[in-house]
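Participant: Next comes upload-v3.cif, mmCIF, C-alpha atoms, pLDDT in the B column; chains and numbers go by the auth columns:
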```cif
data_start
#
loop_
_atom_site.group_PDB
_atom_site.id
_atom_site.type_symbol
_atom_site.label_atom_id
_atom_site.label_comp_id
_atom_site.label_asym_id
_atom_site.label_seq_id
_atom_site.Cartn_x
_atom_site.Cartn_y
_atom_site.Cartn_z
_atom_site.B_iso_or_equiv
_atom_site.auth_seq_id
_atom_site.auth_asym_id
ATOM 1 C CA MET A 1 -15.221 -88.081 -17.907 50.00 2 A
ATOM 2 C CA SER A 2 -16.033 -91.708 -17.353 42.00 3 A
ATOM 3 C CA ALA A 3 -17.154 -94.351 -14.920 38.00 4 A
ATOM 4 C CA SER A 4 -17.720 -98.057 -14.571 37.00 5 A
ATOM 5 C CA ASN A 5 -20.439 -100.170 -13.024 36.00 6 A
ATOM 6 C CA SER A 6 -18.947 -101.449 -9.780 36.00 7 A
ATOM 7 C CA GLY A 7 -21.134 -102.544 -6.943 36.00 8 A
ATOM 8 C CA ALA A 8 -20.086 -100.262 -4.083 36.00 9 A
ATOM 9 C CA GLY A 9 -19.783 -96.695 -5.181 38.00 10 A
ATOM 10 C CA LYS A 10 -20.430 -96.496 -8.910 38.00 11 A
ATOM 11 C CA GLY A 11 -17.857 -94.608 -10.893 39.00 12 A
ATOM 12 C CA ALA A 12 -14.994 -96.601 -9.367 39.00 13 A
ATOM 13 C CA SER A 13 -13.908 -99.881 -10.868 39.00 14 A
ATOM 14 C CA HIS A 14 -12.182 -102.992 -9.631 37.00 15 A
ATOM 15 C CA GLY A 15 -8.619 -103.681 -10.644 37.00 16 A
ATOM 16 C CA ALA A 16 -5.237 -102.130 -10.080 34.00 17 A
ATOM 17 C CA GLY A 17 -5.589 -98.580 -8.832 38.00 18 A
ATOM 18 C CA VAL A 18 -3.072 -97.073 -11.213 38.00 19 A
ATOM 19 C CA ASN A 19 -1.377 -98.719 -14.137 39.00 20 A
ATOM 20 C CA THR A 20 -0.013 -98.066 -17.560 34.00 21 A
ATOM 21 C CA GLY A 21 -1.332 -98.565 -21.057 40.00 22 A
ATOM 22 C CA THR A 22 -1.602 -94.930 -22.095 45.00 23 A
ATOM 23 C CA GLY A 23 2.088 -94.295 -22.633 49.00 24 A
ATOM 24 C CA ALA A 24 5.463 -95.817 -21.915 49.00 25 A
ATOM 25 C CA GLY A 25 6.497 -92.761 -19.920 52.00 26 A
ATOM 26 C CA ALA A 26 3.334 -92.575 -17.819 51.00 27 A
ATOM 27 C CA ASP A 27 3.706 -92.106 -14.067 52.00 28 A
ATOM 28 C CA VAL A 28 2.208 -95.072 -12.236 45.00 29 A
ATOM 29 C CA GLY A 29 2.406 -93.718 -8.689 56.00 30 A
ATOM 30 C CA ASP A 30 0.578 -95.346 -5.785 74.00 31 A
ATOM 31 C CA LEU A 31 -2.715 -93.433 -5.650 78.00 32 A
ATOM 32 C CA GLY A 32 -4.053 -95.600 -2.829 83.00 33 A
ATOM 33 C CA GLN A 33 -1.047 -94.946 -0.624 84.00 34 A
ATOM 34 C CA SER A 34 -1.239 -91.236 -1.429 83.00 35 A
ATOM 35 C CA LEU A 35 -4.877 -91.132 -0.342 84.00 36 A
ATOM 36 C CA ARG A 36 -4.081 -92.974 2.880 85.00 37 A
ATOM 37 C CA ASP A 37 -1.135 -90.697 3.702 85.00 38 A
ATOM 38 C CA ILE A 38 -3.089 -87.476 3.119 84.00 39 A
ATOM 39 C CA ARG A 39 -6.113 -88.786 5.027 86.00 40 A
ATOM 40 C CA LYS A 40 -3.883 -89.546 8.016 86.00 41 A
ATOM 41 C CA GLN A 41 -2.182 -86.148 7.711 85.00 42 A
ATOM 42 C CA ARG A 42 -5.663 -84.677 8.112 84.00 43 A
ATOM 43 C CA GLY A 43 -6.229 -86.818 11.217 87.00 44 A
ATOM 44 C CA MET A 44 -9.208 -88.477 9.541 87.00 45 A
ATOM 45 C CA THR A 45 -10.409 -92.049 9.938 88.00 46 A
ATOM 46 C CA LEU A 46 -11.950 -93.979 7.061 88.00 47 A
ATOM 47 C CA THR A 47 -15.333 -93.286 8.649 89.00 48 A
ATOM 48 C CA ASP A 48 -14.594 -89.537 8.699 88.00 49 A
ATOM 49 C CA ALA A 49 -13.540 -89.654 5.044 87.00 50 A
ATOM 50 C CA SER A 50 -16.649 -91.640 4.162 87.00 51 A
ATOM 51 C CA GLU A 51 -18.914 -89.040 5.785 88.00 52 A
ATOM 52 C CA ARG A 52 -17.148 -86.200 3.947 87.00 53 A
ATOM 53 C CA THR A 53 -17.026 -87.853 0.518 86.00 54 A
ATOM 54 C CA GLY A 54 -20.296 -89.754 0.582 86.00 55 A
ATOM 55 C CA LEU A 55 -18.408 -92.887 -0.477 85.00 56 A
ATOM 56 C CA PRO A 56 -18.791 -96.110 1.527 88.00 57 A
ATOM 57 C CA VAL A 57 -15.966 -97.045 3.917 87.00 58 A
ATOM 58 C CA SER A 58 -15.522 -100.291 1.978 87.00 59 A
ATOM 59 C CA THR A 59 -15.023 -98.333 -1.258 85.00 60 A
ATOM 60 C CA LEU A 60 -12.426 -96.014 0.277 87.00 61 A
ATOM 61 C CA SER A 61 -10.628 -99.004 1.776 87.00 62 A
ATOM 62 C CA LYS A 62 -10.457 -100.686 -1.632 85.00 63 A
ATOM 63 C CA ILE A 63 -9.138 -97.474 -3.198 84.00 64 A
ATOM 64 C CA GLU A 64 -6.446 -97.151 -0.534 85.00 65 A
ATOM 65 C CA ASN A 65 -5.423 -100.758 -1.137 86.00 66 A
ATOM 66 C CA ASN A 66 -5.347 -100.238 -4.925 81.00 67 A
ATOM 67 C CA LYS A 67 -8.188 -102.687 -5.474 80.00 68 A
ATOM 68 C CA MET A 68 -10.402 -100.054 -7.077 77.00 69 A
ATOM 69 C CA SER A 69 -9.614 -97.196 -9.448 72.00 70 A
ATOM 70 C CA LEU A 70 -11.315 -93.834 -9.749 74.00 71 A
ATOM 71 C CA SER A 71 -13.071 -91.725 -12.348 75.00 72 A
ATOM 72 C CA TYR A 72 -12.496 -87.975 -12.514 78.00 73 A
ATOM 73 C CA ASP A 73 -15.695 -87.080 -10.664 79.00 74 A
ATOM 74 C CA LYS A 74 -14.800 -89.339 -7.732 80.00 75 A
ATOM 75 C CA LEU A 75 -11.282 -87.886 -7.659 81.00 76 A
ATOM 76 C CA LEU A 76 -12.829 -84.420 -7.353 80.00 77 A
ATOM 77 C CA ARG A 77 -15.152 -85.557 -4.586 83.00 78 A
ATOM 78 C CA ILE A 78 -12.241 -86.948 -2.566 85.00 79 A
ATOM 79 C CA CYS A 79 -10.054 -83.896 -3.203 84.00 80 A
ATOM 80 C CA ASN A 80 -12.818 -81.539 -2.073 82.00 81 A
ATOM 81 C CA ALA A 81 -13.454 -83.597 1.052 84.00 82 A
ATOM 82 C CA LEU A 82 -9.766 -83.699 1.994 83.00 83 A
ATOM 83 C CA GLU A 83 -9.279 -80.069 0.917 82.00 84 A
ATOM 84 C CA VAL A 84 -6.374 -81.115 -1.263 82.00 85 A
ATOM 85 C CA ASP A 85 -5.402 -80.328 -4.851 79.00 86 A
ATOM 86 C CA ILE A 86 -5.661 -83.187 -7.326 77.00 87 A
ATOM 87 C CA SER A 87 -1.912 -82.915 -8.029 76.00 88 A
ATOM 88 C CA GLU A 88 -1.208 -83.333 -4.309 77.00 89 A
ATOM 89 C CA LEU A 89 -3.269 -86.520 -4.333 76.00 90 A
ATOM 90 C CA PHE A 90 -1.166 -87.787 -7.236 75.00 91 A
ATOM 91 C CA SER A 91 2.089 -86.929 -5.474 71.00 92 A
ATOM 92 C CA GLY A 92 1.009 -88.047 -2.002 61.00 93 A
ATOM 93 C CA SER A 93 2.084 -84.861 -0.235 59.00 94 A
ATOM 94 C CA SER A 94 -0.105 -82.080 1.124 55.00 95 A
ATOM 95 C CA ALA A 95 1.071 -78.581 0.263 52.00 96 A
ATOM 96 C CA ALA A 96 0.169 -75.225 1.737 46.00 97 A
ATOM 97 C CA PRO A 97 -3.444 -74.021 1.359 50.00 98 A
ATOM 98 C CA LYS A 98 -4.120 -72.533 -2.058 50.00 99 A
ATOM 99 C CA PRO A 99 -4.328 -68.741 -2.241 49.00 100 A
ATOM 100 C CA ALA A 100 -7.626 -66.983 -2.987 54.00 101 A
ATOM 101 C CA MET A 101 -6.205 -65.783 -6.307 55.00 102 A
ATOM 102 C CA PRO A 102 -3.176 -67.293 -8.060 53.00 103 A
ATOM 103 C CA VAL A 103 -0.127 -65.054 -8.114 60.00 104 A
ATOM 104 C CA PRO A 104 1.334 -64.661 -11.648 65.00 105 A
ATOM 105 C CA SER A 105 4.457 -66.779 -11.632 70.00 106 A
ATOM 106 C CA GLY A 106 5.184 -67.694 -15.242 83.00 107 A
ATOM 107 C CA ARG A 107 4.834 -71.336 -14.279 84.00 108 A
ATOM 108 C CA ARG A 108 4.575 -74.047 -16.894 89.00 109 A
ATOM 109 C CA SER A 109 4.638 -77.807 -17.205 91.00 110 A
ATOM 110 C CA ILE A 110 5.946 -79.689 -20.231 91.00 111 A
ATOM 111 C CA ASN A 111 4.877 -83.250 -20.921 90.00 112 A
ATOM 112 C CA ARG A 112 6.511 -85.325 -23.611 92.00 113 A
ATOM 113 C CA ARG A 113 4.467 -87.814 -25.613 90.00 114 A
ATOM 114 C CA GLY A 114 2.954 -90.527 -23.450 86.00 115 A
ATOM 115 C CA THR A 115 3.955 -88.941 -20.127 89.00 116 A
ATOM 116 C CA GLY A 116 1.688 -87.940 -17.282 88.00 117 A
ATOM 117 C CA TYR A 117 -0.155 -89.607 -14.409 88.00 118 A
ATOM 118 C CA ALA A 118 -2.039 -92.674 -15.668 89.00 119 A
ATOM 119 C CA ILE A 119 -5.214 -94.239 -14.297 85.00 120 A
ATOM 120 C CA ASN A 120 -6.822 -97.207 -16.077 86.00 121 A
ATOM 121 C CA THR A 121 -10.305 -98.696 -15.672 82.00 122 A
ATOM 122 C CA PRO A 122 -12.357 -101.009 -17.906 82.00 123 A
ATOM 123 C CA SER A 123 -14.223 -97.950 -19.273 86.00 124 A
ATOM 124 C CA TYR A 124 -11.270 -95.701 -20.044 88.00 125 A
ATOM 125 C CA SER A 125 -7.554 -95.009 -19.710 91.00 126 A
ATOM 126 C CA HIS A 126 -6.858 -91.529 -18.358 91.00 127 A
ATOM 127 C CA LEU A 127 -3.549 -89.723 -18.705 92.00 128 A
ATOM 128 C CA TYR A 128 -3.224 -86.523 -16.654 92.00 129 A
ATOM 129 C CA PRO A 129 -0.615 -84.105 -18.089 93.00 130 A
ATOM 130 C CA ALA A 130 0.731 -81.275 -15.909 90.00 131 A
ATOM 131 C CA ALA A 131 0.084 -83.385 -12.825 86.00 132 A
ATOM 132 C CA ASP A 132 2.938 -81.567 -11.091 85.00 133 A
ATOM 133 C CA LEU A 133 1.149 -78.181 -11.058 85.00 134 A
ATOM 134 C CA LEU A 134 -1.025 -77.293 -8.081 82.00 135 A
ATOM 135 C CA ASN A 135 -4.206 -75.205 -8.094 81.00 136 A
ATOM 136 C CA LYS A 136 -4.799 -75.379 -11.845 84.00 137 A
ATOM 137 C CA ARG A 137 -7.855 -73.555 -13.164 84.00 138 A
ATOM 138 C CA SER A 138 -8.485 -76.398 -15.583 89.00 139 A
ATOM 139 C CA VAL A 139 -7.558 -80.081 -15.624 91.00 140 A
ATOM 140 C CA PRO A 140 -6.420 -81.562 -18.959 94.00 141 A
ATOM 141 C CA ILE A 141 -7.068 -85.265 -19.475 94.00 142 A
ATOM 142 C CA ILE A 142 -6.164 -87.485 -22.425 95.00 143 A
ATOM 143 C CA ALA A 143 -8.712 -90.287 -22.402 95.00 144 A
ATOM 144 C CA GLU A 144 -8.702 -93.486 -24.404 96.00 145 A
ATOM 145 C CA ILE A 145 -12.298 -94.728 -24.425 96.00 146 A
ATOM 146 C CA HIS A 146 -12.863 -98.458 -23.892 96.00 147 A
ATOM 147 C CA ALA A 147 -16.624 -98.660 -23.216 95.00 148 A
ATOM 148 C CA ARG A 148 -18.607 -99.465 -26.369 96.00 149 A
ATOM 149 C CA SER A 149 -22.112 -99.242 -24.907 96.00 150 A
ATOM 150 C CA LEU A 150 -23.879 -97.554 -22.014 95.00 151 A
ATOM 151 C CA ALA A 151 -24.202 -100.994 -20.444 94.00 152 A
ATOM 152 C CA ASP A 152 -20.404 -101.270 -20.490 92.00 153 A
ATOM 153 C CA PHE A 153 -20.012 -97.726 -19.157 92.00 154 A
ATOM 154 C CA GLY A 154 -22.456 -97.931 -16.266 90.00 155 A
ATOM 155 C CA GLU A 155 -23.956 -94.932 -14.480 89.00 156 A
ATOM 156 C CA LEU A 156 -23.549 -91.544 -16.171 92.00 157 A
ATOM 157 C CA ILE A 157 -21.062 -89.368 -14.319 89.00 158 A
ATOM 158 C CA ARG A 158 -21.186 -85.669 -13.501 89.00 159 A
ATOM 159 C CA HIS A 159 -18.899 -83.144 -11.835 89.00 160 A
ATOM 160 C CA PRO A 160 -19.063 -79.392 -11.140 88.00 161 A
ATOM 161 C CA GLY A 161 -17.827 -77.038 -13.845 90.00 162 A
ATOM 162 C CA GLU A 162 -17.630 -77.223 -17.612 93.00 163 A
ATOM 163 C CA GLU A 163 -15.821 -79.500 -20.012 96.00 164 A
ATOM 164 C CA PHE A 164 -14.273 -79.166 -23.451 97.00 165 A
ATOM 165 C CA ALA A 165 -13.638 -82.326 -25.452 97.00 166 A
ATOM 166 C CA TYR A 166 -11.704 -82.667 -28.716 98.00 167 A
ATOM 167 C CA VAL A 167 -11.597 -86.020 -30.504 98.00 168 A
ATOM 168 C CA LEU A 168 -7.976 -86.905 -31.223 98.00 169 A
ATOM 169 C CA GLU A 169 -8.586 -90.280 -32.789 98.00 170 A
ATOM 170 C CA GLY A 170 -11.550 -92.404 -33.868 98.00 171 A
ATOM 171 C CA THR A 171 -15.288 -91.744 -33.502 98.00 172 A
ATOM 172 C CA ILE A 172 -17.177 -91.443 -30.209 98.00 173 A
ATOM 173 C CA ASP A 173 -20.720 -90.818 -29.033 98.00 174 A
ATOM 174 C CA LEU A 174 -21.299 -88.407 -26.158 97.00 175 A
ATOM 175 C CA HIS A 175 -24.368 -89.368 -24.142 97.00 176 A
ATOM 176 C CA THR A 176 -25.935 -86.917 -21.679 96.00 177 A
ATOM 177 C CA ASP A 177 -29.066 -86.973 -19.566 94.00 178 A
ATOM 178 C CA LEU A 178 -30.478 -83.819 -21.205 94.00 179 A
ATOM 179 C CA TYR A 179 -29.735 -84.269 -24.920 95.00 180 A
ATOM 180 C CA ALA A 180 -29.834 -86.970 -27.553 96.00 181 A
ATOM 181 C CA PRO A 181 -26.440 -88.627 -28.112 96.00 182 A
ATOM 182 C CA VAL A 182 -24.104 -86.662 -30.376 97.00 183 A
ATOM 183 C CA ARG A 183 -21.556 -88.354 -32.644 98.00 184 A
ATOM 184 C CA LEU A 184 -18.098 -86.808 -32.829 98.00 185 A
ATOM 185 C CA ASP A 185 -15.449 -87.763 -35.373 98.00 186 A
ATOM 186 C CA THR A 186 -11.722 -87.063 -35.335 98.00 187 A
ATOM 187 C CA GLY A 187 -11.233 -83.290 -35.229 97.00 188 A
ATOM 188 C CA ASP A 188 -14.722 -82.575 -33.845 98.00 189 A
ATOM 189 C CA SER A 189 -15.146 -80.899 -30.471 98.00 190 A
ATOM 190 C CA ILE A 190 -17.818 -80.054 -27.924 97.00 191 A
ATOM 191 C CA TYR A 191 -18.079 -77.721 -24.922 97.00 192 A
ATOM 192 C CA PHE A 192 -20.695 -78.582 -22.319 96.00 193 A
ATOM 193 C CA ASP A 193 -21.878 -78.279 -18.734 95.00 194 A
ATOM 194 C CA SER A 194 -20.222 -81.215 -16.988 93.00 195 A
ATOM 195 C CA GLY A 195 -22.861 -81.037 -14.247 91.00 196 A
ATOM 196 C CA MET A 196 -25.022 -82.990 -16.708 94.00 197 A
ATOM 197 C CA GLY A 197 -24.734 -86.738 -16.472 94.00 198 A
ATOM 198 C CA HIS A 198 -22.475 -87.778 -19.359 96.00 199 A
ATOM 199 C CA ALA A 199 -20.586 -90.684 -20.858 95.00 200 A
ATOM 200 C CA TYR A 200 -18.139 -91.114 -23.746 97.00 201 A
ATOM 201 C CA ILE A 201 -18.749 -94.255 -25.807 97.00 202 A
ATOM 202 C CA ALA A 202 -16.317 -95.617 -28.425 98.00 203 A
ATOM 203 C CA VAL A 203 -17.940 -96.165 -31.828 97.00 204 A
ATOM 204 C CA SER A 204 -15.261 -96.790 -34.446 97.00 205 A
ATOM 205 C CA LYS A 205 -12.970 -99.798 -34.501 94.00 206 A
ATOM 206 C CA GLY A 206 -9.515 -99.360 -33.068 95.00 207 A
ATOM 207 C CA VAL A 207 -8.364 -96.623 -30.731 96.00 208 A
ATOM 208 C CA CYS A 208 -10.809 -93.875 -29.725 98.00 209 A
ATOM 209 C CA LYS A 209 -9.048 -91.043 -27.936 97.00 210 A
ATOM 210 C CA VAL A 210 -10.289 -87.694 -26.588 97.00 211 A
ATOM 211 C CA LEU A 211 -8.550 -84.648 -25.156 97.00 212 A
ATOM 212 C CA SER A 212 -10.789 -83.369 -22.377 96.00 213 A
ATOM 213 C CA VAL A 213 -10.263 -80.146 -20.433 95.00 214 A
ATOM 214 C CA CYS A 214 -12.334 -79.833 -17.255 93.00 215 A
ATOM 215 C CA SER A 215 -12.717 -76.523 -15.461 88.00 216 A
ATOM 216 C CA SER A 216 -11.942 -76.367 -11.771 67.00 217 A
ATOM 217 C CA GLU A 217 -14.316 -74.818 -9.265 60.00 218 A
ATOM 218 C CA ASP A 218 -13.364 -71.154 -8.932 49.00 219 A
ATOM 219 C CA GLU A 219 -15.966 -68.426 -8.728 43.00 220 A
ATOM 220 C CA HIS A 220 -13.334 -65.822 -9.634 39.00 221 A
ATOM 221 C CA MET A 221 -12.111 -67.596 -12.754 37.00 222 A
ATOM 222 C CA GLU A 222 -14.233 -65.761 -15.312 35.00 223 A
ATOM 223 C CA ALA A 223 -13.578 -62.348 -13.768 35.00 224 A
ATOM 224 C CA HIS A 224 -9.860 -63.078 -13.555 32.00 225 A
ATOM 225 C CA PHE A 225 -9.577 -63.869 -17.235 31.00 226 A
ATOM 226 C CA ALA A 226 -11.867 -60.996 -18.205 32.00 227 A
ATOM 227 C CA ASP A 227 -9.397 -58.632 -16.559 35.00 228 A
ATOM 228 C CA LYS A 228 -6.621 -60.010 -18.781 30.00 229 A
ATOM 229 C CA VAL A 229 -8.418 -59.353 -22.072 32.00 230 A
ATOM 230 C CA GLU A 230 -6.702 -56.584 -24.001 34.00 231 A
ATOM 231 C CA THR A 231 -8.689 -54.151 -26.119 31.00 232 A
ATOM 232 C CA LEU A 232 -7.765 -54.312 -29.782 32.00 233 A
ATOM 233 C CA PRO A 233 -6.043 -51.201 -31.148 35.00 234 A
ATOM 234 C CA ALA A 234 -8.207 -49.020 -33.358 35.00 235 A
ATOM 235 C CA ALA A 235 -6.276 -50.072 -36.460 35.00 236 A
ATOM 236 C CA ALA A 236 -7.179 -53.696 -35.876 37.00 237 A
ATOM 237 C CA ALA A 237 -10.849 -53.047 -35.253 36.00 238 A
ATOM 238 C CA PRO A 238 -13.221 -53.493 -38.194 38.00 239 A
ATOM 239 C CA ALA A 239 -14.114 -50.250 -39.940 42.00 240 A
ATOM 240 C CA PRO A 240 -17.675 -49.026 -39.336 43.00 241 A
ATOM 241 C CA VAL A 241 -20.107 -49.579 -42.170 41.00 242 A
ATOM 242 C CA LYS A 242 -21.045 -46.301 -43.841 47.00 243 A
ATOM 243 C CA LYS A 243 -24.715 -45.790 -44.615 45.00 244 A
ATOM 244 C CA ARG A 244 -25.599 -44.590 -48.074 48.00 245 A
ATOM 245 C CA LYS A 245 -27.852 -41.590 -48.348 48.00 246 A
ATOM 246 C CA ALA A 246 -31.050 -42.075 -50.252 49.00 247 A
ATOM 247 C CA ARG A 247 -31.053 -40.303 -53.595 48.00 248 A
#
```
Render the structure in this file as structure tokens.

Facilitator:
Amino acid sequence: MSASNSGAGKGASHGAGVNTGTGAGADVGDLGQSLRDIRKQRGMTLTDASERTGLPVSTLSKIENNKMSLSYDKLLRICNALEVDISELFSGSSAAPKPAMPVPSGRRSINRRGTGYAINTPSYSHLYPAADLLNKRSVPIIAEIHARSLADFGELIRHPGEEFAYVLEGTIDLHTDLYAPVRLDTGDSIYFDSGMGHAYIAVSKGVCKVLSVCSSEDEHMEAHFADKVETLPAAAAPAPVKKRKAR
């Protein structure tokens, strides 16, 4: 989704690791402590974590001490390295390994207005709804965009999967490294390959807010949902077009 131009490890930004500003009911848990606890549960040193994530030891240390906050792509990198679900990182507890295919459970998560897990940086404020659910096939994020130029935003970010974005409020420009910038107004949406470098830039005055849904890495996802598609009954299918005979 977004990043900022810090010195060590771009995509993370200096400041409090997790704080509010997105909603009065936002969860402001200690992300740094959660990362430290899970890293130690894995028996990993900061050097081990650095080698697995590709992030400098100094950057990880700042994150663990809540002196640097994270963008979505860096969160994914850390979660993949620690083999932990993003919701486990938010909660600070490591659950059982995720199954190869989710078992239908009728699970759901309800978030009231302004609630979720909040992470703020100079470039954006992220609110993660459904942060209590593990092994989600997609990650919803409500993002308030602060950056008003690419210089403010810093390095374009990228993460595996695909992303759907719907503009809730204001006007934004979506910059990518493969296409010319596209302007999106309130009510507009875009679906794109999030492996492209990308950045959301606020254009209009006032609040610019986007609902972003990022797909998780799961090679069975498409096949799983394809199996759930029901064939329309014949009555609902469009009638075939009858050809007229030439006279």

Participant: Quick one: of A:Ile64, A:Leu212, A:Ile173, A:Ala181, who's nearest to Leu128 in chain A, counting all atoms listed in the file?

Facilitator: A:Leu212

Participant: Name the closest residue to Ser92 in chain A among the candidates A:Asp174, A:Asp194, A:Asp31, A:Glu52; distances are taken between atoms, counting all atoms listed in the file.

Facilitator: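 Nearest candidate to Ser92 in chain A out of A:Asp174, A:Asp194, A:Asp31, A:Glu52: A:Asp31.
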
Participant: Between CA of Phe193 in chain A and CA of Phe165 in chain A, what distance in Å does the model show, to one decimal?

Facilitator: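 Pair CA of Phe193 in chain A / CA of Phe165 in chain A returns 6.5 Å.
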
Participant: Please expand the PyMOL selection byres ((chain A and resi 197) around 7) into the concrete residues it hits in this file, giving the result as a PDB file with C-alpha atoms, keeping the file's coordinate frame.

Facilitator:
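Resulting contents of result15.pdb:
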```
ATOM      1  CA  ARG A 159     -21.186 -85.669 -13.501  1.00 89.00           C
ATOM      2  CA  THR A 177     -25.935 -86.917 -21.679  1.00 96.00           C
ATOM      3  CA  ASP A 178     -29.066 -86.973 -19.566  1.00 94.00           C
ATOM      4  CA  ASP A 194     -21.878 -78.279 -18.734  1.00 95.00           C
ATOM      5  CA  SER A 195     -20.222 -81.215 -16.988  1.00 93.00           C
ATOM      6  CA  GLY A 196     -22.861 -81.037 -14.247  1.00 91.00           C
ATOM      7  CA  GLY A 198     -24.734 -86.738 -16.472  1.00 94.00           C
ATOM      8  CA  HIS A 199     -22.475 -87.778 -19.359  1.00 96.00           C
TER       9      HIS A 199
END
```

Participant: Quick one: residues within 8 Å of Arg40 in chain A, all atoms listed in the file, excluding same-chain residues fewer than 4 positions away - as a list of chain:residue names?

Facilitator: A:Leu36, A:Gly44, A:Met45, A:Thr46, A:Ala50, A:Leu83

Participant: Would you work out the distance separating CA of Arg78 in chain A from CA of Gly115 in chain A, expressed in Å to one decimal?

Facilitator: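 Atom-to-atom, CA of Arg78 in chain A to CA of Gly115 in chain A, that is 26.6 Å.
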
Participant: For CA of Thr187 in chain A and CA of Ile87 in chain A, quote the distance in Å rounded to one decimal.

Facilitator: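 Computed distance, CA of Thr187 in chain A to CA of Ile87 in chain A, equals 28.9 Å.
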
Participant: Could you tell me which of A:Ser126, A:Ser51, A:Asn136, A:Thr116 comes closest to Glu89 in chain A if we count all atoms listed in the file?

Facilitator: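 Among A:Ser126, A:Ser51, A:Asn136, A:Thr116, it is A:Asn136 that comes nearest to Glu89 in chain A.
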
Participant: Run the PyMOL selection byres ((chain A and resi 200) around 6) against the file shown and list the residues it catches, as a PyMOL selection string.

Facilitator: chain A and resi 3+157+175-176+199+201

Participant: Would you export the selected residues with C-alpha atoms as an mmCIF file, keeping the file's coordinate frame, please?

Facilitator:
```cif
data_model
loop_
_atom_site.group_PDB
_atom_site.id
_atom_site.type_symbol
_atom_site.label_atom_id
_atom_site.label_comp_id
_atom_site.auth_asym_id
_atom_site.auth_seq_id
_atom_site.Cartn_x
_atom_site.Cartn_y
_atom_site.Cartn_z
ATOM 1 C CA SER A 3 -16.033 -91.708 -17.353
ATOM 2 C CA LEU A 157 -23.549 -91.544 -16.171
ATOM 3 C CA LEU A 175 -21.299 -88.407 -26.158
ATOM 4 C CA HIS A 176 -24.368 -89.368 -24.142
ATOM 5 C CA HIS A 199 -22.475 -87.778 -19.359
ATOM 6 C CA TYR A 201 -18.139 -91.114 -23.746
#
```

Participant: Running the PyMOL selection byres ((chain A and resi 117) around 7) on this model by hand, what would come out? Give it as a PyMOL selection string.

Facilitator: chain A and resi 27-28+112+115-116+118-119+128-132

Participant: From the list A:Ser70, A:Asn81, A:Ser88, A:Thr54, which residue is nearest Pro123 in chain A when using all atoms listed in the file?

Facilitator: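 Ranked by minimum distance to Pro123 in chain A, first place goes to A:Ser70.
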
Participant: Would you mind telling me which residue in A:Cys209, A:Ala203, A:Ile39, A:Leu71 lies nearest to Glu84 in chain A when using all atoms listed in the file?

Facilitator: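 Using all atoms listed in the file, the shortest distance to Glu84 in chain A belongs to A:Ile39.
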
Participant: Skip Ile191 in chain A itself and residues of its chain fewer than 2 positions away, then list as a ChimeraX atom specification all residues within 10 Å of it, counting all atoms listed in the file.

Facilitator: /A:164-168,175,183,185,189,193,213
